[in-house]
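Participant: My structure is in coords_37.pdb, and what it holds is PDB, C-alpha atoms:
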```
ATOM      1  CA  MET A   1       0.000   0.000   0.000  1.00  0.00           C
ATOM      2  CA  ALA A   2       1.411   3.338  -1.056  1.00  0.00           C
ATOM      3  CA  GLN A   3       1.056   6.790   0.427  1.00  0.00           C
ATOM      4  CA  VAL A   4      -1.142   8.959  -1.803  1.00  0.00           C
ATOM      5  CA  GLU A   5      -0.764  12.743  -1.711  1.00  0.00           C
ATOM      6  CA  ALA A   6      -2.706  15.616  -3.270  1.00  0.00           C
ATOM      7  CA  THR A   7      -1.536  19.228  -2.939  1.00  0.00           C
ATOM      8  CA  THR A   8      -3.224  22.411  -4.145  1.00  0.00           C
ATOM      9  CA  GLU A   9      -2.287  26.024  -3.524  1.00  0.00           C
ATOM     10  CA  ARG A  10      -3.567  29.516  -4.232  1.00  0.00           C
ATOM     11  CA  ILE A  11      -2.525  33.091  -3.593  1.00  0.00           C
ATOM     12  CA  VAL A  12      -5.370  34.979  -1.916  1.00  0.00           C
ATOM     13  CA  ALA A  13      -5.645  38.787  -1.798  1.00  0.00           C
ATOM     14  CA  ALA A  14      -6.181  38.999   1.961  1.00  0.00           C
ATOM     15  CA  ASP A  15      -3.806  38.922   4.921  1.00  0.00           C
ATOM     16  CA  ALA A  16      -2.820  35.549   6.382  1.00  0.00           C
ATOM     17  CA  GLU A  17      -4.669  36.056   9.670  1.00  0.00           C
ATOM     18  CA  THR A  18      -7.977  36.781   7.907  1.00  0.00           C
ATOM     19  CA  VAL A  19      -7.570  33.758   5.629  1.00  0.00           C
ATOM     20  CA  PHE A  20      -6.601  31.426   8.484  1.00  0.00           C
ATOM     21  CA  ASP A  21      -9.505  32.633  10.638  1.00  0.00           C
ATOM     22  CA  ALA A  22     -11.947  31.918   7.786  1.00  0.00           C
ATOM     23  CA  LEU A  23     -10.597  28.372   7.319  1.00  0.00           C
ATOM     24  CA  ALA A  24     -10.636  27.703  11.085  1.00  0.00           C
ATOM     25  CA  ASP A  25     -14.253  28.922  11.434  1.00  0.00           C
ATOM     26  CA  TYR A  26     -15.906  25.508  11.088  1.00  0.00           C
ATOM     27  CA  SER A  27     -19.162  26.704  12.691  1.00  0.00           C
ATOM     28  CA  GLY A  28     -19.571  29.561  10.202  1.00  0.00           C
ATOM     29  CA  THR A  29     -17.406  30.320   7.187  1.00  0.00           C
ATOM     30  CA  ARG A  30     -16.097  26.821   6.384  1.00  0.00           C
ATOM     31  CA  ALA A  31     -19.531  25.419   5.486  1.00  0.00           C
ATOM     32  CA  LYS A  32     -19.974  28.233   2.914  1.00  0.00           C
ATOM     33  CA  LEU A  33     -16.690  27.302   1.216  1.00  0.00           C
ATOM     34  CA  LEU A  34     -17.477  23.655   0.516  1.00  0.00           C
ATOM     35  CA  PRO A  35     -18.212  22.697  -3.097  1.00  0.00           C
ATOM     36  CA  GLU A  36     -20.964  20.239  -4.050  1.00  0.00           C
ATOM     37  CA  GLN A  37     -18.750  17.177  -3.428  1.00  0.00           C
ATOM     38  CA  PHE A  38     -19.227  17.733   0.317  1.00  0.00           C
ATOM     39  CA  SER A  39     -22.489  16.784   2.039  1.00  0.00           C
ATOM     40  CA  GLU A  40     -23.911  16.150   5.524  1.00  0.00           C
ATOM     41  CA  TYR A  41     -21.632  18.826   7.025  1.00  0.00           C
ATOM     42  CA  GLU A  42     -21.939  18.967  10.812  1.00  0.00           C
ATOM     43  CA  VAL A  43     -19.804  20.437  13.601  1.00  0.00           C
ATOM     44  CA  ARG A  44     -19.968  17.980  16.496  1.00  0.00           C
ATOM     45  CA  GLU A  45     -17.586  19.660  18.962  1.00  0.00           C
ATOM     46  CA  GLY A  46     -15.947  23.062  19.145  1.00  0.00           C
ATOM     47  CA  GLY A  47     -16.247  24.964  15.900  1.00  0.00           C
ATOM     48  CA  ASP A  48     -13.206  27.248  15.846  1.00  0.00           C
ATOM     49  CA  GLY A  49      -9.878  25.607  15.010  1.00  0.00           C
ATOM     50  CA  GLU A  50      -8.110  23.444  17.593  1.00  0.00           C
ATOM     51  CA  GLY A  51     -10.403  20.935  19.292  1.00  0.00           C
ATOM     52  CA  THR A  52     -13.090  20.992  16.613  1.00  0.00           C
ATOM     53  CA  LEU A  53     -14.682  17.709  15.585  1.00  0.00           C
ATOM     54  CA  VAL A  54     -16.429  18.007  12.225  1.00  0.00           C
ATOM     55  CA  HIS A  55     -18.234  15.485  10.028  1.00  0.00           C
ATOM     56  CA  TRP A  56     -18.884  15.457   6.290  1.00  0.00           C
ATOM     57  CA  LYS A  57     -19.215  13.102   3.382  1.00  0.00           C
ATOM     58  CA  LEU A  58     -16.854  13.668   0.490  1.00  0.00           C
ATOM     59  CA  GLN A  59     -17.901  12.318  -2.896  1.00  0.00           C
ATOM     60  CA  ALA A  60     -14.588  12.206  -4.733  1.00  0.00           C
ATOM     61  CA  THR A  61     -15.988  10.265  -7.718  1.00  0.00           C
ATOM     62  CA  SER A  62     -19.418   9.049  -8.800  1.00  0.00           C
ATOM     63  CA  LYS A  63     -18.743   5.735  -7.018  1.00  0.00           C
ATOM     64  CA  ARG A  64     -16.516   6.781  -4.123  1.00  0.00           C
ATOM     65  CA  VAL A  65     -18.007   8.493  -1.054  1.00  0.00           C
ATOM     66  CA  ARG A  66     -15.834   8.929   2.014  1.00  0.00           C
ATOM     67  CA  ASP A  67     -17.539   9.341   5.405  1.00  0.00           C
ATOM     68  CA  CYS A  68     -15.180  11.685   7.276  1.00  0.00           C
ATOM     69  CA  LEU A  69     -15.057  12.475  10.993  1.00  0.00           C
ATOM     70  CA  LEU A  70     -12.228  14.944  11.417  1.00  0.00           C
ATOM     71  CA  GLU A  71     -10.344  16.040  14.516  1.00  0.00           C
ATOM     72  CA  VAL A  72      -8.825  19.491  14.052  1.00  0.00           C
ATOM     73  CA  SER A  73      -5.519  20.577  15.578  1.00  0.00           C
ATOM     74  CA  GLU A  74      -3.285  23.623  15.174  1.00  0.00           C
ATOM     75  CA  PRO A  75       0.276  22.289  15.592  1.00  0.00           C
ATOM     76  CA  THR A  76       1.935  25.578  14.538  1.00  0.00           C
ATOM     77  CA  ASP A  77       0.872  29.140  13.724  1.00  0.00           C
ATOM     78  CA  GLY A  78      -0.967  29.297  10.415  1.00  0.00           C
ATOM     79  CA  GLU A  79      -1.515  25.541  10.237  1.00  0.00           C
ATOM     80  CA  LEU A  80      -4.713  23.494  10.586  1.00  0.00           C
ATOM     81  CA  VAL A  81      -4.547  19.697  10.543  1.00  0.00           C
ATOM     82  CA  GLU A  82      -7.690  17.592   9.989  1.00  0.00           C
ATOM     83  CA  LYS A  83      -7.225  13.913  10.915  1.00  0.00           C
ATOM     84  CA  ASP A  84      -9.989  11.537   9.860  1.00  0.00           C
ATOM     85  CA  ARG A  85     -11.029   9.099  12.612  1.00  0.00           C
ATOM     86  CA  ASN A  86     -12.522   6.794   9.937  1.00  0.00           C
ATOM     87  CA  SER A  87      -9.423   6.396   7.728  1.00  0.00           C
ATOM     88  CA  SER A  88      -5.751   7.232   7.290  1.00  0.00           C
ATOM     89  CA  MET A  89      -6.622  10.557   5.605  1.00  0.00           C
ATOM     90  CA  VAL A  90      -4.934  13.698   6.949  1.00  0.00           C
ATOM     91  CA  THR A  91      -5.451  17.154   5.446  1.00  0.00           C
ATOM     92  CA  THR A  92      -3.083  19.988   6.332  1.00  0.00           C
ATOM     93  CA  TRP A  93      -3.873  23.639   5.594  1.00  0.00           C
ATOM     94  CA  ARG A  94      -0.942  26.079   5.704  1.00  0.00           C
ATOM     95  CA  VAL A  95      -1.510  29.824   5.435  1.00  0.00           C
ATOM     96  CA  THR A  96       1.544  32.074   5.083  1.00  0.00           C
ATOM     97  CA  PRO A  97       2.044  35.724   4.115  1.00  0.00           C
ATOM     98  CA  ALA A  98       2.782  36.234   0.393  1.00  0.00           C
ATOM     99  CA  GLY A  99       3.513  39.939   0.144  1.00  0.00           C
ATOM    100  CA  GLU A 100       1.532  42.927   1.303  1.00  0.00           C
ATOM    101  CA  GLY A 101      -2.128  42.045   1.836  1.00  0.00           C
ATOM    102  CA  LYS A 102      -1.727  38.590   0.296  1.00  0.00           C
ATOM    103  CA  SER A 103      -1.423  35.026   1.546  1.00  0.00           C
ATOM    104  CA  ARG A 104      -0.431  31.657   0.167  1.00  0.00           C
ATOM    105  CA  VAL A 105      -2.789  28.820   1.091  1.00  0.00           C
ATOM    106  CA  VAL A 106      -1.442  25.303   0.598  1.00  0.00           C
ATOM    107  CA  VAL A 107      -3.709  22.302   1.251  1.00  0.00           C
ATOM    108  CA  THR A 108      -2.164  18.824   1.290  1.00  0.00           C
ATOM    109  CA  THR A 109      -4.108  15.601   1.799  1.00  0.00           C
ATOM    110  CA  THR A 110      -2.379  12.269   2.355  1.00  0.00           C
ATOM    111  CA  TRP A 111      -3.723   8.775   2.917  1.00  0.00           C
ATOM    112  CA  THR A 112      -2.665   5.157   2.640  1.00  0.00           C
ATOM    113  CA  GLY A 113      -3.805   3.963  -0.757  1.00  0.00           C
ATOM    114  CA  ALA A 114      -4.915   0.543  -1.897  1.00  0.00           C
ATOM    115  CA  GLY A 115      -2.462  -2.082  -3.090  1.00  0.00           C
ATOM    116  CA  GLY A 116      -2.168  -3.685  -6.515  1.00  0.00           C
ATOM    117  CA  ILE A 117      -3.651  -2.326  -9.718  1.00  0.00           C
ATOM    118  CA  GLY A 118      -6.399  -0.452  -7.823  1.00  0.00           C
ATOM    119  CA  GLY A 119      -3.692   1.322  -5.840  1.00  0.00           C
ATOM    120  CA  PHE A 120      -1.893   2.287  -9.049  1.00  0.00           C
ATOM    121  CA  PHE A 121      -5.048   3.926 -10.423  1.00  0.00           C
ATOM    122  CA  GLU A 122      -5.798   5.586  -7.073  1.00  0.00           C
ATOM    123  CA  LYS A 123      -2.287   7.059  -6.855  1.00  0.00           C
ATOM    124  CA  THR A 124      -2.503   8.193 -10.495  1.00  0.00           C
ATOM    125  CA  PHE A 125      -5.983   9.732 -10.600  1.00  0.00           C
ATOM    126  CA  ALA A 126      -7.145  10.539  -7.040  1.00  0.00           C
ATOM    127  CA  PRO A 127      -4.731  13.477  -6.517  1.00  0.00           C
ATOM    128  CA  LYS A 128      -6.031  15.179  -9.685  1.00  0.00           C
ATOM    129  CA  GLY A 129      -9.657  14.744  -8.651  1.00  0.00           C
ATOM    130  CA  LEU A 130      -9.019  15.947  -5.122  1.00  0.00           C
ATOM    131  CA  GLY A 131      -7.015  18.846  -6.546  1.00  0.00           C
ATOM    132  CA  ARG A 132     -10.053  19.982  -8.559  1.00  0.00           C
ATOM    133  CA  ILE A 133     -12.241  19.793  -5.431  1.00  0.00           C
ATOM    134  CA  TYR A 134      -9.768  21.867  -3.391  1.00  0.00           C
ATOM    135  CA  ASP A 135      -9.298  24.349  -6.275  1.00  0.00           C
ATOM    136  CA  ALA A 136     -13.046  25.012  -6.059  1.00  0.00           C
ATOM    137  CA  LEU A 137     -12.890  25.374  -2.263  1.00  0.00           C
ATOM    138  CA  LEU A 138      -9.923  27.781  -2.482  1.00  0.00           C
ATOM    139  CA  ALA A 139     -11.740  29.850  -5.128  1.00  0.00           C
ATOM    140  CA  ARG A 140     -14.703  30.175  -2.759  1.00  0.00           C
ATOM    141  CA  LEU A 141     -12.307  31.062   0.087  1.00  0.00           C
ATOM    142  CA  ALA A 142     -10.783  33.831  -2.042  1.00  0.00           C
ATOM    143  CA  THR A 143     -14.243  35.201  -2.900  1.00  0.00           C
ATOM    144  CA  GLU A 144     -15.202  35.144   0.796  1.00  0.00           C
ATOM    145  CA  VAL A 145     -12.121  36.886   2.234  1.00  0.00           C
ATOM    146  CA  GLU A 146     -11.400  39.313  -0.638  1.00  0.00           C
ATOM    147  CA  LYS A 147     -14.715  41.153  -0.060  1.00  0.00           C
TER     148      LYS A 147
END
```
Turn the structure described in the file into structure tokens.

Facilitator:
Amino acid sequence: MAQVEATTERIVAADAETVFDALADYSGTRAKLLPEQFSEYEVREGGDGEGTLVHWKLQATSKRVRDCLLEVSEPTDGELVEKDRNSSMVTTWRVTPAGEGKSRVVVTTTWTGAGGIGGFFEKTFAPKGLGRIYDALLARLATEVEK
């Protein structure tokens, strides 16, 4: 079984603190940012960054729906880590300054992929599909914080 990784990034025309606060606001802003591949969104504990427990279903393909129950931590400044209790999936959001009034947002998701031929296809195609999903989320984030 191989480690699968998908990374997407975007420069956003808002300061890093504003962008990070929007991403960490699971009880408010985050739900507005999710594209149609996410469903059944529910904050179960907390709601603002560290200590949040959030649930959603992620439909990565027409046949693949992942039931996610994510524990949120903030290991360092500008970093949110979402660890799925139901799988090996971990998503890390890093927000750093990128010049005056701008930020770089990098989202990386890793998980242990399947073995064999299925694993080959997963490692080949899943990062592209997840990248498209996170591109849409980052576009919505930019629209939200660049107001």

Participant: May I have the residues within 9 Å of Ser87 of chain A as a PyMOL selection string, using all atoms listed in the file and disregarding those fewer than 3 positions away in the same chain?

Facilitator: chain A and resi 66-69+83-84+90+111-112

Participant: Rounded to one decimal place, report the atom CA of Asp48 of chain A-atom CA of Tyr26 of chain A distance in Å.

Facilitator: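 Those two atoms sit 5.7 Å apart.
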
Participant: If I take atom CA of Val81 of chain A and atom CA of Thr124 of chain A, how far is one from the other in Å, to one decimal?

Facilitator: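 Atom CA of Thr124 of chain A lies at a distance of 24.1 Å from atom CA of Val81 of chain A.
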
Participant: Check what the PyMOL selection byres ((chain A and resi 128-139) around 7) selects in the file above and give those residues as a PDB file with C-alpha atoms, in the frame of the given file.

Facilitator:
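Heads up, here's the output in expr-v7.pdb:
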```
ATOM      1  CA  ALA A   6      -2.706  15.616  -3.270  1.00  0.00           C
ATOM      2  CA  THR A   7      -1.536  19.228  -2.939  1.00  0.00           C
ATOM      3  CA  THR A   8      -3.224  22.411  -4.145  1.00  0.00           C
ATOM      4  CA  ARG A  10      -3.567  29.516  -4.232  1.00  0.00           C
ATOM      5  CA  LEU A  33     -16.690  27.302   1.216  1.00  0.00           C
ATOM      6  CA  LEU A  34     -17.477  23.655   0.516  1.00  0.00           C
ATOM      7  CA  PRO A  35     -18.212  22.697  -3.097  1.00  0.00           C
ATOM      8  CA  ALA A  60     -14.588  12.206  -4.733  1.00  0.00           C
ATOM      9  CA  PHE A 125      -5.983   9.732 -10.600  1.00  0.00           C
ATOM     10  CA  ALA A 126      -7.145  10.539  -7.040  1.00  0.00           C
ATOM     11  CA  PRO A 127      -4.731  13.477  -6.517  1.00  0.00           C
ATOM     12  CA  ARG A 140     -14.703  30.175  -2.759  1.00  0.00           C
ATOM     13  CA  LEU A 141     -12.307  31.062   0.087  1.00  0.00           C
ATOM     14  CA  ALA A 142     -10.783  33.831  -2.042  1.00  0.00           C
ATOM     15  CA  THR A 143     -14.243  35.201  -2.900  1.00  0.00           C
TER      16      THR A 143
END
```

Participant: Env of Thr91 of chain A: 6 Å cut, atoms = only C-alpha atoms, seq-sep filter 6 positions within chain, self excluded. Answer as a list in words.

Facilitator: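 Listed by chain and then number, they are Val81, Glu82, Thr108 and Thr109 of chain A.
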
Participant: Keeping C-alpha atoms for every residue in the selection just given, could you write it to a file as a PDB file, in the frame of the given file?

Facilitator:
```
ATOM      1  CA  VAL A  81      -4.547  19.697  10.543  1.00  0.00           C
ATOM      2  CA  GLU A  82      -7.690  17.592   9.989  1.00  0.00           C
ATOM      3  CA  THR A 108      -2.164  18.824   1.290  1.00  0.00           C
ATOM      4  CA  THR A 109      -4.108  15.601   1.799  1.00  0.00           C
TER       5      THR A 109
END
```

Participant: Between A:Trp56, A:Phe121, A:Tyr41, A:Phe20, which is the closest to Val95 of chain A once you count only C-alpha atoms?

Facilitator: A:Phe20

Participant: Show which residues sit within 10 Å of segment 63-65 of chain A, as a CSV table (one decimal) with C-alpha atoms, in the coordinates of the input. Count all atoms listed in the file, and ignore same-chain residues fewer than 4 positions away.

Facilitator:
```
chain,number,residue,atom,x,y,z
A,37,GLN,CA,-18.8,17.2,-3.4
A,38,PHE,CA,-19.2,17.7,0.3
A,39,SER,CA,-22.5,16.8,2.0
A,57,LYS,CA,-19.2,13.1,3.4
A,58,LEU,CA,-16.9,13.7,0.5
A,59,GLN,CA,-17.9,12.3,-2.9
```

Participant: How many Å lie between atom CA of His55 of chain A and atom CA of Arg30 of chain A, rounded to one decimal?

Facilitator: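 It comes out at 12.1 Å.
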
Participant: Starting from the shown file, work through the PyMOL selection byres ((chain A and resi 2) around 7) and note down what comes out as a count of residues only.

Facilitator: 7

Participant: Check the smallest atom-to-atom distance from each of A:Leu80, A:Asp21, A:Ser88, A:Phe120 to Val107 of chain A using all atoms listed in the file, then report the winner.

Facilitator: A:Leu80

Participant: Of the candidates A:Val19, A:Pro75, A:Gly49, A:Glu5, which one gets nearest to Ser103 of chain A if we count only C-alpha atoms?

Facilitator: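 Nearest to Ser103 of chain A: A:Val19.
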
Participant: Give the answer as one residue: which of A:Val106, A:Thr96, A:Ser62, A:Lys123 has the shortest atom-to-atom distance to Asp15 of chain A, using all atoms listed in the file?

Facilitator: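 Of all the options, A:Thr96 lies closest to Asp15 of chain A.
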
Participant: Determine, counting only C-alpha atoms, which protein, DNA and RNA residues have an atom within 9 Å of an atom of Thr52 of chain A; residues of the same chain fewer than 6 positions away are not included. Present the result as a list in words.

Facilitator: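 Non-adjacent residues within range: Tyr26, Val43, Arg44, Glu45, Gly46, Leu70, Glu71, Val72 and Ser73 of chain A.
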
Participant: Could I see segment 9-20 of chain A restored to all heavy atoms, set down as a PDB file, keeping the file's coordinate frame?

Facilitator:
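Wrote out-v2.pdb, looks like this:
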```
ATOM      1  N   GLU A   9      -2.568  24.746  -4.179  1.00  0.00           N
ATOM      2  CA  GLU A   9      -2.287  26.024  -3.524  1.00  0.00           C
ATOM      3  C   GLU A   9      -2.860  27.184  -4.311  1.00  0.00           C
ATOM      4  O   GLU A   9      -3.180  27.055  -5.493  1.00  0.00           O
ATOM      5  CB  GLU A   9      -0.793  26.211  -3.275  1.00  0.00           C
ATOM      6  CG  GLU A   9       0.063  26.439  -4.472  1.00  0.00           C
ATOM      7  CD  GLU A   9       1.509  26.700  -4.052  1.00  0.00           C
ATOM      8  OE1 GLU A   9       2.222  25.738  -3.729  1.00  0.00           O
ATOM      9  OE2 GLU A   9       1.912  27.877  -4.065  1.00  0.00           O
ATOM     10  N   ARG A  10      -2.998  28.311  -3.609  1.00  0.00           N
ATOM     11  CA  ARG A  10      -3.567  29.516  -4.232  1.00  0.00           C
ATOM     12  C   ARG A  10      -3.064  30.732  -3.470  1.00  0.00           C
ATOM     13  O   ARG A  10      -2.936  30.709  -2.255  1.00  0.00           O
ATOM     14  CB  ARG A  10      -5.095  29.447  -4.157  1.00  0.00           C
ATOM     15  CG  ARG A  10      -5.781  30.611  -4.854  1.00  0.00           C
ATOM     16  CD  ARG A  10      -7.291  30.479  -4.726  1.00  0.00           C
ATOM     17  NE  ARG A  10      -7.964  31.511  -5.477  1.00  0.00           N
ATOM     18  CZ  ARG A  10      -8.583  31.322  -6.636  1.00  0.00           C
ATOM     19  NH1 ARG A  10      -8.622  30.128  -7.177  1.00  0.00           N
ATOM     20  NH2 ARG A  10      -9.183  32.309  -7.243  1.00  0.00           N
ATOM     21  N   ILE A  11      -2.818  31.800  -4.209  1.00  0.00           N
ATOM     22  CA  ILE A  11      -2.525  33.091  -3.593  1.00  0.00           C
ATOM     23  C   ILE A  11      -3.869  33.809  -3.440  1.00  0.00           C
ATOM     24  O   ILE A  11      -4.658  33.887  -4.385  1.00  0.00           O
ATOM     25  CB  ILE A  11      -1.571  33.940  -4.463  1.00  0.00           C
ATOM     26  CG1 ILE A  11      -0.244  33.214  -4.679  1.00  0.00           C
ATOM     27  CG2 ILE A  11      -1.369  35.320  -3.846  1.00  0.00           C
ATOM     28  CD1 ILE A  11       0.590  33.010  -3.435  1.00  0.00           C
ATOM     29  N   VAL A  12      -4.112  34.313  -2.232  1.00  0.00           N
ATOM     30  CA  VAL A  12      -5.370  34.979  -1.916  1.00  0.00           C
ATOM     31  C   VAL A  12      -5.066  36.429  -1.549  1.00  0.00           C
ATOM     32  O   VAL A  12      -4.118  36.687  -0.802  1.00  0.00           O
ATOM     33  CB  VAL A  12      -6.078  34.258  -0.741  1.00  0.00           C
ATOM     34  CG1 VAL A  12      -7.345  34.977  -0.342  1.00  0.00           C
ATOM     35  CG2 VAL A  12      -6.387  32.814  -1.112  1.00  0.00           C
ATOM     36  N   ALA A  13      -5.849  37.358  -2.050  1.00  0.00           N
ATOM     37  CA  ALA A  13      -5.645  38.787  -1.798  1.00  0.00           C
ATOM     38  C   ALA A  13      -6.278  39.202  -0.476  1.00  0.00           C
ATOM     39  O   ALA A  13      -7.227  39.987  -0.425  1.00  0.00           O
ATOM     40  CB  ALA A  13      -6.187  39.618  -2.959  1.00  0.00           C
ATOM     41  N   ALA A  14      -5.768  38.640   0.599  1.00  0.00           N
ATOM     42  CA  ALA A  14      -6.181  38.999   1.961  1.00  0.00           C
ATOM     43  C   ALA A  14      -5.035  38.589   2.885  1.00  0.00           C
ATOM     44  O   ALA A  14      -4.267  37.679   2.551  1.00  0.00           O
ATOM     45  CB  ALA A  14      -7.464  38.276   2.352  1.00  0.00           C
ATOM     46  N   ASP A  15      -4.919  39.250   4.035  1.00  0.00           N
ATOM     47  CA  ASP A  15      -3.806  38.922   4.921  1.00  0.00           C
ATOM     48  C   ASP A  15      -3.965  37.526   5.520  1.00  0.00           C
ATOM     49  O   ASP A  15      -5.073  36.992   5.594  1.00  0.00           O
ATOM     50  CB  ASP A  15      -3.643  39.988   6.015  1.00  0.00           C
ATOM     51  CG  ASP A  15      -4.808  40.030   6.969  1.00  0.00           C
ATOM     52  OD1 ASP A  15      -4.842  39.200   7.902  1.00  0.00           O
ATOM     53  OD2 ASP A  15      -5.699  40.882   6.780  1.00  0.00           O
ATOM     54  N   ALA A  16      -2.854  36.943   5.919  1.00  0.00           N
ATOM     55  CA  ALA A  16      -2.820  35.549   6.382  1.00  0.00           C
ATOM     56  C   ALA A  16      -3.745  35.303   7.577  1.00  0.00           C
ATOM     57  O   ALA A  16      -4.399  34.262   7.651  1.00  0.00           O
ATOM     58  CB  ALA A  16      -1.389  35.136   6.719  1.00  0.00           C
ATOM     59  N   GLU A  17      -3.818  36.247   8.493  1.00  0.00           N
ATOM     60  CA  GLU A  17      -4.669  36.056   9.670  1.00  0.00           C
ATOM     61  C   GLU A  17      -6.145  35.959   9.283  1.00  0.00           C
ATOM     62  O   GLU A  17      -6.874  35.095   9.773  1.00  0.00           O
ATOM     63  CB  GLU A  17      -4.461  37.200  10.666  1.00  0.00           C
ATOM     64  CG  GLU A  17      -5.190  36.977  11.973  1.00  0.00           C
ATOM     65  CD  GLU A  17      -4.903  38.070  12.997  1.00  0.00           C
ATOM     66  OE1 GLU A  17      -3.908  38.792  12.864  1.00  0.00           O
ATOM     67  OE2 GLU A  17      -5.709  38.178  13.947  1.00  0.00           O
ATOM     68  N   THR A  18      -6.588  36.807   8.377  1.00  0.00           N
ATOM     69  CA  THR A  18      -7.977  36.781   7.907  1.00  0.00           C
ATOM     70  C   THR A  18      -8.290  35.455   7.223  1.00  0.00           C
ATOM     71  O   THR A  18      -9.333  34.844   7.457  1.00  0.00           O
ATOM     72  CB  THR A  18      -8.233  37.950   6.929  1.00  0.00           C
ATOM     73  OG1 THR A  18      -7.987  39.175   7.625  1.00  0.00           O
ATOM     74  CG2 THR A  18      -9.646  37.923   6.376  1.00  0.00           C
ATOM     75  N   VAL A  19      -7.378  35.006   6.371  1.00  0.00           N
ATOM     76  CA  VAL A  19      -7.570  33.758   5.629  1.00  0.00           C
ATOM     77  C   VAL A  19      -7.606  32.568   6.588  1.00  0.00           C
ATOM     78  O   VAL A  19      -8.492  31.707   6.512  1.00  0.00           O
ATOM     79  CB  VAL A  19      -6.465  33.578   4.565  1.00  0.00           C
ATOM     80  CG1 VAL A  19      -6.557  32.215   3.910  1.00  0.00           C
ATOM     81  CG2 VAL A  19      -6.559  34.690   3.528  1.00  0.00           C
ATOM     82  N   PHE A  20      -6.649  32.533   7.517  1.00  0.00           N
ATOM     83  CA  PHE A  20      -6.601  31.426   8.484  1.00  0.00           C
ATOM     84  C   PHE A  20      -7.871  31.401   9.327  1.00  0.00           C
ATOM     85  O   PHE A  20      -8.460  30.335   9.544  1.00  0.00           O
ATOM     86  CB  PHE A  20      -5.367  31.537   9.387  1.00  0.00           C
ATOM     87  CG  PHE A  20      -5.259  30.398  10.350  1.00  0.00           C
ATOM     88  CD1 PHE A  20      -4.672  29.199   9.963  1.00  0.00           C
ATOM     89  CD2 PHE A  20      -5.758  30.501  11.642  1.00  0.00           C
ATOM     90  CE1 PHE A  20      -4.588  28.128  10.837  1.00  0.00           C
ATOM     91  CE2 PHE A  20      -5.677  29.438  12.526  1.00  0.00           C
ATOM     92  CZ  PHE A  20      -5.091  28.249  12.121  1.00  0.00           C
TER      93      PHE A  20
END
```
